[in-house]
$ cat structure.txt   # compact mmCIF, C-alpha atoms
# COMPACT_ATOMS: atom_id res chain seq x y z
CA MET A 413 119.76 -75.39 -93.83
CA HIS A 414 117.90 -73.91 -96.85
CA ASN A 415 116.72 -70.34 -97.25
CA PHE A 416 113.03 -69.72 -96.59
CA PHE A 417 110.49 -67.51 -94.89
CA TYR A 418 106.92 -68.04 -93.72
CA GLY A 419 104.64 -65.33 -92.46
CA TRP A 420 101.03 -64.33 -91.84
CA TYR A 421 99.47 -60.90 -92.25
CA PHE A 422 96.48 -59.95 -90.08
CA LYS A 423 94.62 -56.68 -90.58
CA CYS A 424 92.00 -55.43 -88.10
CA GLN A 425 89.97 -52.45 -89.29
CA SER A 426 87.35 -50.49 -87.37
CA GLU A 427 85.65 -47.26 -88.41
CA THR A 428 88.35 -45.22 -86.69
CA GLN A 429 91.41 -47.46 -86.20
CA THR A 430 93.61 -49.90 -88.10
CA LEU A 431 96.00 -52.44 -86.60
CA SER A 432 98.03 -54.95 -88.63
CA ILE A 433 100.25 -57.72 -87.24
CA ILE A 434 102.81 -59.82 -89.10
CA PRO A 435 104.25 -62.88 -87.34
CA ALA A 436 107.02 -64.56 -89.35
CA VAL A 437 109.78 -67.13 -89.22
CA HIS A 438 112.83 -66.78 -91.47
CA CYS A 439 115.84 -68.95 -92.18
CA SER A 440 119.02 -68.45 -94.21
CA GLU A 441 122.51 -69.88 -94.29
CA HIS A 442 123.43 -67.11 -91.86
CA LYS A 443 120.78 -67.59 -89.19
CA LYS A 444 117.30 -68.71 -88.25
CA SER A 445 115.01 -66.37 -86.34
CA CYS A 446 111.43 -65.11 -86.08
CA SER A 447 109.73 -61.77 -85.61
CA VAL A 448 106.50 -59.91 -84.99
CA GLN A 449 105.83 -56.62 -86.76
CA VAL A 450 103.01 -54.38 -85.57
CA ILE A 451 101.65 -51.63 -87.81
CA THR A 452 99.28 -48.79 -86.95
CA GLU A 453 98.16 -45.78 -88.96
CA ASN A 454 101.23 -43.81 -87.88
CA HIS A 455 103.87 -46.24 -86.61
CA VAL A 456 105.50 -49.61 -87.16
CA TRP A 457 107.47 -51.73 -84.70
CA ASN A 458 109.57 -54.80 -85.41
CA VAL A 459 110.42 -57.17 -82.57
CA ASP A 460 112.93 -59.95 -83.21
CA TYR A 461 112.90 -63.31 -81.42
CA PRO A 462 115.29 -66.27 -81.41
CA ALA A 463 114.35 -69.28 -83.53
CA GLU A 464 113.40 -71.34 -80.48
CA ALA A 465 110.65 -68.81 -79.62
CA PHE A 466 108.61 -70.14 -82.55
CA HIS A 467 106.43 -73.21 -82.21
CA ARG A 468 103.18 -74.57 -83.58
CA ILE A 469 100.35 -76.19 -81.65
CA GLU A 470 97.73 -77.69 -83.97
CA ARG A 471 96.60 -74.76 -86.19
CA ASP A 472 98.06 -71.98 -84.04
CA ILE A 473 101.55 -70.58 -84.08
CA TRP A 474 103.36 -69.05 -81.14
CA ILE A 475 106.24 -66.56 -81.14
CA GLY A 476 107.30 -66.06 -77.57
CA LYS A 477 104.10 -65.40 -75.62
CA ASN A 478 102.25 -64.19 -78.74
CA GLN A 479 99.63 -66.52 -80.23
CA PHE A 480 98.11 -66.40 -83.73
CA GLY A 481 95.42 -68.56 -85.30
CA GLU A 482 91.90 -69.08 -86.57
CA LYS A 483 90.26 -68.02 -83.30
CA GLY A 484 92.22 -64.80 -82.91
CA ILE A 485 95.41 -63.20 -81.63
CA LEU A 486 97.03 -62.84 -78.22
CA LEU A 487 99.77 -60.20 -77.96
CA ALA A 488 102.32 -59.85 -75.17
CA ILE A 489 105.31 -57.79 -76.36
CA HIS A 490 107.40 -55.91 -73.84
CA THR A 491 110.60 -54.19 -74.98
CA PRO A 492 112.20 -50.82 -74.16
CA GLU A 493 110.76 -49.45 -77.43
CA VAL A 494 107.25 -50.84 -77.39
CA ASP A 495 104.78 -52.34 -74.92
CA ILE A 496 101.86 -54.21 -76.51
CA SER A 497 99.29 -56.39 -74.82
CA GLY A 498 95.78 -57.52 -75.61
CA LYS A 499 93.53 -60.13 -77.11
CA LEU A 500 91.51 -60.16 -80.33
CA ARG A 501 88.82 -62.72 -81.10
CA PHE A 502 87.77 -63.59 -84.66
CA GLY A 503 84.31 -64.49 -85.90
CA PRO A 504 83.83 -67.16 -88.62
CA LEU A 505 86.44 -66.87 -91.37
CA SER A 506 85.70 -66.39 -95.08
CA PRO A 507 88.22 -68.57 -96.95
CA LEU A 508 88.43 -68.66 -100.75
CA LYS A 509 86.78 -71.38 -102.81
CA TYR A 510 90.24 -72.60 -103.88
CA ASP A 511 93.93 -71.63 -103.64
CA ILE A 512 94.60 -68.05 -104.79
CA MET A 513 97.66 -69.34 -106.70
CA GLY A 514 95.49 -71.62 -108.84
CA PRO A 515 97.60 -74.00 -110.96
CA PHE A 516 100.75 -72.12 -109.91
CA SER A 517 100.33 -73.71 -106.47
CA LEU A 518 101.64 -76.91 -108.11
CA PHE A 519 104.84 -75.26 -109.37
CA PRO A 520 107.93 -76.17 -107.34
CA PHE A 521 110.62 -73.64 -106.48
CA LEU A 522 108.47 -70.52 -106.75
CA GLU A 523 110.16 -67.48 -105.24
CA CYS A 524 107.03 -66.59 -103.25
CA ARG A 525 103.67 -68.27 -102.68
CA HIS A 526 100.71 -66.23 -101.57
CA SER A 527 97.69 -67.45 -99.63
CA VAL A 528 94.42 -65.84 -98.54
CA ARG A 529 93.04 -67.42 -95.39
CA SER A 530 90.08 -65.11 -94.82
CA MET A 531 88.75 -62.30 -96.98
CA ARG A 532 86.50 -60.98 -94.25
CA HIS A 533 85.64 -61.82 -90.66
CA PHE A 534 84.53 -59.92 -87.59
CA VAL A 535 87.06 -58.88 -84.96
CA TYR A 536 86.34 -58.27 -81.27
CA GLY A 537 88.65 -57.19 -78.46
CA ARG A 538 91.25 -54.61 -77.63
CA VAL A 539 95.00 -54.12 -77.80
CA ASP A 540 97.05 -51.59 -75.84
CA VAL A 541 100.00 -50.19 -77.84
CA ASN A 542 102.32 -47.96 -75.81
CA GLY A 543 99.38 -46.70 -73.78
CA ARG A 544 96.98 -46.20 -76.70
CA GLU A 545 93.96 -48.49 -76.81
CA TYR A 546 92.87 -50.08 -80.08
CA SER A 547 89.30 -51.27 -79.61
CA PHE A 548 87.43 -53.51 -82.04
CA GLN A 549 83.72 -54.40 -81.89
CA ASN A 550 82.14 -55.82 -85.04
CA ALA A 551 85.27 -54.62 -86.84
CA PHE A 552 86.50 -56.12 -90.10
CA GLY A 553 89.37 -58.59 -90.26
CA TYR A 554 91.52 -59.87 -93.13
CA TRP A 555 94.15 -62.66 -93.09
CA GLU A 556 96.71 -63.65 -95.72
CA GLY A 557 100.11 -65.32 -95.82
CA ASP A 558 103.32 -65.66 -97.81
CA GLU A 559 106.07 -68.24 -97.95
CA GLY A 560 109.11 -68.93 -100.08
CA ARG A 561 112.57 -67.39 -100.35
CA SER A 562 111.99 -63.73 -101.21
CA PHE A 563 109.31 -61.17 -101.89
CA PRO A 564 109.00 -60.30 -105.60
CA LYS A 565 111.59 -57.84 -106.87
CA GLU A 566 108.82 -55.53 -108.05
CA TYR A 567 105.20 -55.64 -106.98
CA ALA A 568 102.12 -53.69 -105.98
CA TRP A 569 99.54 -54.86 -103.44
CA THR A 570 96.41 -53.39 -101.95
CA GLN A 571 93.67 -54.57 -99.59
CA CYS A 572 90.56 -53.04 -98.08
CA SER A 573 87.35 -54.07 -96.35
CA PHE A 574 84.21 -51.97 -96.75
CA SER A 575 80.45 -52.14 -96.36
CA GLY A 576 79.22 -55.12 -98.35
CA GLY A 577 82.56 -56.66 -99.12
CA SER A 578 86.35 -56.66 -99.28
CA LEU A 579 89.09 -56.99 -101.86
CA MET A 580 92.75 -57.77 -102.34
CA MET A 581 94.75 -57.12 -105.49
CA SER A 582 98.38 -57.76 -106.40
CA VAL A 583 100.54 -57.35 -109.50
CA ALA A 584 104.06 -58.72 -109.27
CA ASP A 585 107.14 -59.70 -111.23
CA VAL A 586 107.25 -63.51 -111.22
CA PRO A 587 110.46 -65.36 -112.17
CA ILE A 588 110.17 -68.98 -113.29
CA ALA A 589 113.09 -70.88 -114.84
CA GLY A 590 114.84 -67.69 -115.90
CA VAL A 591 111.72 -66.18 -117.48
CA HIS A 592 109.95 -63.21 -115.91
CA PHE A 593 106.31 -62.27 -116.35
CA ARG A 594 103.85 -59.93 -114.66
CA GLY A 595 101.55 -62.03 -112.49
CA ILE A 596 98.12 -60.98 -111.27
CA ILE A 597 96.05 -62.24 -108.37
CA ALA A 598 92.94 -60.44 -107.16
CA VAL A 599 89.79 -61.37 -105.26
CA VAL A 600 86.67 -59.31 -104.68
CA LEU A 601 84.13 -60.44 -102.11
CA TRP A 602 80.97 -58.49 -102.85
CA LYS A 603 77.53 -59.14 -101.36
CA GLY A 604 78.42 -62.74 -100.58
CA ARG A 605 79.84 -63.56 -104.02
CA GLU A 606 83.49 -64.24 -104.79
CA TYR A 607 85.00 -62.75 -107.96
CA ARG A 608 88.52 -63.74 -108.95
CA LEU A 609 90.87 -62.13 -111.46
CA ALA A 610 94.19 -63.87 -112.10
CA THR A 611 96.82 -64.51 -114.73
CA TYR A 612 95.76 -68.16 -114.93
CA LEU A 613 92.18 -67.01 -115.71
CA GLY A 614 93.26 -64.60 -118.46
CA ALA A 615 93.57 -61.36 -116.47
CA LYS A 616 95.66 -58.58 -118.03
CA VAL A 617 97.24 -55.43 -116.63
CA ARG A 618 95.89 -52.29 -118.24
CA GLN A 619 97.69 -49.89 -115.94
CA ALA A 620 100.29 -50.38 -113.21
CA ARG A 621 102.24 -47.39 -112.04
CA LYS A 622 102.77 -45.60 -108.78
CA GLY A 623 99.40 -45.14 -107.18
CA ILE A 624 97.27 -46.75 -109.91
CA LEU A 625 96.38 -50.38 -110.61
CA ARG A 626 93.86 -51.43 -113.26
CA ILE A 627 93.32 -55.00 -114.41
CA VAL A 628 90.77 -56.57 -116.74
CA GLN A 629 89.53 -60.11 -117.27
CA GLY A 630 86.80 -60.67 -119.82
CA ASN A 631 84.05 -58.19 -118.91
CA LEU A 632 85.42 -57.59 -115.39
CA GLU A 633 87.56 -54.56 -114.54
CA LEU A 634 89.07 -53.77 -111.14
CA GLU A 635 90.73 -50.43 -110.50
CA ALA A 636 92.57 -49.07 -107.46
CA ARG A 637 93.85 -45.51 -107.09
CA LEU A 638 95.98 -44.39 -104.20
CA ARG A 639 94.96 -40.84 -103.31
CA GLU A 640 97.16 -40.10 -100.30
CA ALA A 641 99.52 -42.28 -98.30
CA VAL A 642 101.77 -42.27 -95.27
CA ARG A 643 104.31 -45.00 -95.96
CA HIS A 644 106.08 -46.86 -93.17
CA PRO A 645 109.13 -49.14 -93.50
CA LEU A 646 108.69 -52.88 -92.97
CA ASN A 647 111.21 -55.68 -92.93
CA ALA A 648 110.80 -58.18 -95.79
CA PRO A 649 112.58 -61.38 -96.84
CA ALA A 650 115.44 -61.52 -99.33
CA ASN A 651 116.67 -65.07 -99.80
CA GLY A 652 115.47 -66.01 -96.33
CA ASP A 653 117.01 -63.04 -94.52
CA MET A 654 114.79 -60.18 -93.35
CA THR A 655 117.20 -57.64 -94.82
CA ARG A 656 114.97 -55.92 -97.37
CA THR A 657 113.00 -52.79 -96.54
CA ILE A 658 109.59 -52.32 -98.15
CA HIS A 659 107.02 -49.63 -97.41
CA GLU A 660 103.35 -49.96 -96.56
CA SER A 661 100.53 -47.55 -95.95
CA ALA A 662 98.35 -49.44 -93.46
CA ALA A 663 95.41 -47.02 -93.59
CA CYS A 664 95.45 -44.54 -96.44
CA HIS A 665 93.08 -42.66 -98.72
CA ALA A 666 92.21 -44.64 -101.85
CA PHE A 667 89.53 -45.19 -104.47
CA TYR A 668 88.32 -48.56 -105.79
CA CYS A 669 85.98 -49.32 -108.66
CA PHE A 670 84.75 -52.74 -109.83
CA ARG A 671 82.90 -53.02 -113.12
CA LYS A 672 81.16 -55.82 -114.96
CA GLY A 673 80.68 -54.72 -118.54
CA GLU A 674 79.00 -51.31 -118.51
CA HIS A 675 77.66 -51.86 -114.98
CA VAL A 676 79.54 -50.52 -111.95
CA LEU A 677 79.15 -53.11 -109.19
CA PHE A 678 80.66 -50.69 -106.67
CA SER A 679 82.89 -47.66 -106.32
CA VAL A 680 84.38 -46.93 -102.92
CA GLU A 681 86.28 -43.94 -101.56
CA THR A 682 87.97 -44.89 -98.28
CA ASP A 683 90.65 -43.83 -95.80
CA LYS A 684 91.14 -47.45 -94.63
CA ALA A 685 93.03 -48.87 -97.62
CA SER A 686 96.32 -50.70 -97.29
CA PHE A 687 98.85 -50.21 -100.08
CA GLU A 688 102.37 -51.39 -100.92
CA TYR A 689 104.28 -50.27 -104.00
CA GLU A 690 107.79 -51.46 -104.75
CA LEU A 691 109.27 -50.04 -107.97
CA LEU A 692 106.42 -51.21 -110.21
CA GLU A 693 106.08 -48.82 -113.17
$ encode --input "structure.txt" --output "structure tokens"
Amino acid sequence: MHNFFYGWYFKCQSETQTLSIIPAVHCSEHKKSCSVQVITENHVWNVDYPAEAFHRIERDIWIGKNQFGEKGILLAIHTPEVDISGKLRFGPLSPLKYDIMGPFSLFPFLECRHSVRSMRHFVYGRVDVNGREYSFQNAFGYWEGDEGRSFPKEYAWTQCSFSGGSLMMSVADVPIAGVHFRGIIAVVLWKGREYRLATYLGAKVRQARKGILRIVQGNLELEARLREAVRHPLNAPANGDMTRTIHESAACHAFYCFRKGEHVLFSVETDKASFEYELLE
């Protein structure tokens, strides 16, 4: 049995509510199990399942009675701590033109591989979480994934959907063959066009400290500033075991600006940003 994890991250964002769901399977020399984490603006719940609760049918995965896939999500979680039920339907997905990892997708033994399955899609339906209804009609959806052994030791990540587009941005410590470097992956979907900034395309970090990310690539510059956050603890993989605690703000106040040369393509102030910061200075 080798150490690994595999998980998806779904974010559903309306004008007034945010709901994120993380189904995952994890395996180490100690045990194999799976889990579903549910994140709202103010709470997070983690529900563990035995390994045999996980199975795949075509392009969907199941964990217990919970279903996740291209068409949407079905939730049926009933524990003493949390009661969640509902169904969300997705509109057509917006996948990237090619793998977000670029040529690094060919590297064996990477600590963590990231994927972006849909930058933006519509979400319809409702989910009841401990008696509170989360309702989505023409809401925005985002879907990404990770797999490998462990999350990066240090990293920053942010994602947000907004009128006219969406973005994701990540700066992380990447170890390869004993050498560490600061890796960048970022995608901006703006007015139907995909912009990509990445280490393998020449992107550089101009600023990366708590609450601020700024990267440049040629005449493109993408900046994210975290204004105010309420951070919640999430379980994350460390050598296959979900023993690490990270912190995410699922819906926080942030500012984004995307420039091309002297021209500002957009600047957005939002209270629907998602942010994770883990020791990156």
$ atom_distance --input "structure.txt" --atom1 "CA of Tyr461 (chain A)" --atom2 "CA of Cys439 (chain A)"
12.5 Å
$ residues_around --input "structure.txt" --residues "Arg501 (chain A)" --least-positions-apart "2" --cutoff "10 Å" --atoms "only C-alpha atoms" --output "list of chain:residue names"
A:Gly481, A:Glu482, A:Lys483, A:Gly484, A:Ile485, A:Leu486, A:Lys499, A:Gly503, A:Phe534, A:Val535, A:Tyr536, A:Gly537, A:Arg538, A:Phe548, A:Gln549
$ write_last_selection --input "structure.txt" --atoms "C-alpha atoms" --output "PDB file, keeping the file's coordinate frame"
ATOM      1  CA  GLY A 481      95.420 -68.560 -85.300  1.00  0.00           C
ATOM      2  CA  GLU A 482      91.900 -69.080 -86.570  1.00  0.00           C
ATOM      3  CA  LYS A 483      90.260 -68.020 -83.300  1.00  0.00           C
ATOM      4  CA  GLY A 484      92.220 -64.800 -82.910  1.00  0.00           C
ATOM      5  CA  ILE A 485      95.410 -63.200 -81.630  1.00  0.00           C
ATOM      6  CA  LEU A 486      97.030 -62.840 -78.220  1.00  0.00           C
ATOM      7  CA  LYS A 499      93.530 -60.130 -77.110  1.00  0.00           C
ATOM      8  CA  GLY A 503      84.310 -64.490 -85.900  1.00  0.00           C
ATOM      9  CA  PHE A 534      84.530 -59.920 -87.590  1.00  0.00           C
ATOM     10  CA  VAL A 535      87.060 -58.880 -84.960  1.00  0.00           C
ATOM     11  CA  TYR A 536      86.340 -58.270 -81.270  1.00  0.00           C
ATOM     12  CA  GLY A 537      88.650 -57.190 -78.460  1.00  0.00           C
ATOM     13  CA  ARG A 538      91.250 -54.610 -77.630  1.00  0.00           C
ATOM     14  CA  PHE A 548      87.430 -53.510 -82.040  1.00  0.00           C
ATOM     15  CA  GLN A 549      83.720 -54.400 -81.890  1.00  0.00           C
TER      16      GLN A 549
END
$ residues_around --input "structure.txt" --residues "region 514-518 of chain A" --least-positions-apart "4" --cutoff "9 Å" --atoms "all atoms listed in the file" --output "list in words"
Tyr510, Leu522, Arg525, His526, Ala610, Tyr612 and Leu613 of chain A
$ atom_distance --input "structure.txt" --atom1 "CA of Leu677 (chain A)" --atom2 "CA of Glu453 (chain A)"
28.7 Å
$ residues_around --input "structure.txt" --residues "Asn458 (chain A)" --least-positions-apart "5" --cutoff "8 Å" --atoms "only C-alpha atoms" --output "list in words"
Ser447, Val448, Gln449, Val450, Leu646 and Asn647 of chain A
$ residues_around --input "structure.txt" --residues "Trp569 (chain A)" --least-positions-apart "4" --cutoff "8 Å" --atoms "all atoms listed in the file" --output "list in words"
Met580, Met581, Ser582, Val583, Phe687, Glu688 and Tyr689 of chain A
$ residues_around --input "structure.txt" --residues "Pro492 (chain A)" --least-positions-apart "5" --cutoff "12 Å" --atoms "only C-alpha atoms" --output "count of residues only"
3
$ closest_residue --input "structure.txt" --among "A:Thr655, A:Thr452, A:Ser547, A:Thr611" --to "Phe563 (chain A)" --atoms "only C-alpha atoms"
A:Thr655
$ closest_residue --input "structure.txt" --among "A:Pro462, A:Pro645, A:Gly623, A:Gly652" --to "Phe667 (chain A)" --atoms "only C-alpha atoms"
A:Gly623
$ residues_near_point --input "structure.txt" --point "(101.2, -68.7, -94.5)" --cutoff "12 Å" --atoms "only C-alpha atoms" --output "PyMOL selection string"
chain A and resi 417-422+434-437+471-473+480-481+524-530+555-560
$ closest_residue --input "structure.txt" --among "A:Lys603, A:His438, A:His455, A:Arg639" --to "Tyr668 (chain A)" --atoms "all atoms listed in the file"
A:Arg639
